[in-house]
Amino acid sequence: MADLVPFSRAPRPSRPRPSEPEPLWRQMVGDQLRRRRHDRDETLTETAENAGVSPQYLSEVERGLKEPSSEMIAAIAGALDTSLIELTSAVADELRQATAAPASAAVSVSRGAFALAA
């Protein structure tokens, strides 16, 4: 029988801990929808009516209090003359910016070796 060789795991690269927790997806979507509605100078009632949702629901989505389904997000985005992919891309870009580590914080990655016994 072969000898067992201990596996030496390389240390994981350290990531700087953010001083604040990452923003939630629903909050970022809500912020993006509110900005787009304001850019169009529309009221909650106007946008909600065009999306087929209640103004109260739209308000809660914009404030990040509701976790809307993709269908609801698409309906609201459509009422704001944008697509789901445009909205999602904008939110993803904002999340990247909000969670990006400073460029000067270089992280070195070392690789560990392992052996398999036959």
# chains A, B, ... in the order shown; residues from 1 in each chain; ligands from 1
>>> residues_around(residues="segment 60-71 of chain A", least_positions_apart="5", cutoff="6 Å", atoms="only C-alpha atoms", output="NGL selection string")
:A and (26-27 or 30-31 or 34)
>>> write_last_selection(atoms="N, CA and C atoms", output="compact mmCIF listing (two decimals), in the first residue's frame")
# COMPACT_ATOMS: atom_id res chain seq x y z
N ARG A 26 -31.22 44.18 -4.13
CA ARG A 26 -32.52 44.85 -4.21
C ARG A 26 -32.40 46.35 -3.95
N GLN A 27 -31.45 46.76 -3.12
CA GLN A 27 -31.26 48.19 -2.88
C GLN A 27 -30.66 48.86 -4.10
N GLY A 30 -33.32 49.11 -6.78
CA GLY A 30 -34.25 50.18 -6.42
C GLY A 30 -33.68 51.56 -6.67
N ASP A 31 -32.42 51.75 -6.31
CA ASP A 31 -31.77 53.05 -6.56
C ASP A 31 -31.72 53.36 -8.06
N ARG A 34 -35.23 54.24 -9.33
CA ARG A 34 -35.63 55.58 -8.88
C ARG A 34 -34.92 56.66 -9.71
>>> residues_around(residues="Thr43 of chain A", least_positions_apart="6", cutoff="10 Å", atoms="only C-alpha atoms", output="PyMOL selection string")
chain A and resi 34+37+49+55
>>> residues_around(residues="Ala90 of chain A", least_positions_apart="5", cutoff="10 Å", atoms="only C-alpha atoms", output="list in words")
Met28, Val29, Gln32, Leu84, Ile85, Leu95 and Arg96 of chain A
>>> atom_distance(atom1="atom CA of Gly78 of chain A", atom2="atom CA of Ala51 of chain A")
7.1 Å
>>> closest_residue(among="A:Pro21, A:Ala77, A:Asn50, A:Ala92", to="Arg35 of chain A", atoms="only C-alpha atoms")
A:Ala77
>>> select_by_dssp(residues="segment 76-105 of chain A", states="helix (DSSP H, G or I)", output="PyMOL selection string")
chain A and resi 76-79+84-99
>>> atom_distance(atom1="atom CA of Thr47 of chain A", atom2="atom CA of Gln97 of chain A")
28.0 Å
>>> closest_residue(among="A:Leu33, A:Ala98, A:Leu44, A:Val91", to="Met72 of chain A", atoms="only C-alpha atoms")
A:Leu33
>>> closest_residue(among="A:Val53, A:Leu24, A:Ala100, A:Leu80", to="Arg40 of chain A", atoms="only C-alpha atoms")
A:Leu80
>>> closest_residue(among="A:Trp25, A:Asp81, A:Tyr57, A:Ala74", to="Asp39 of chain A", atoms="only C-alpha atoms")
A:Asp81
>>> closest_residue(among="A:Arg36, A:Glu94, A:Ala75, A:Glu86", to="Gly52 of chain A", atoms="only C-alpha atoms")
A:Ala75
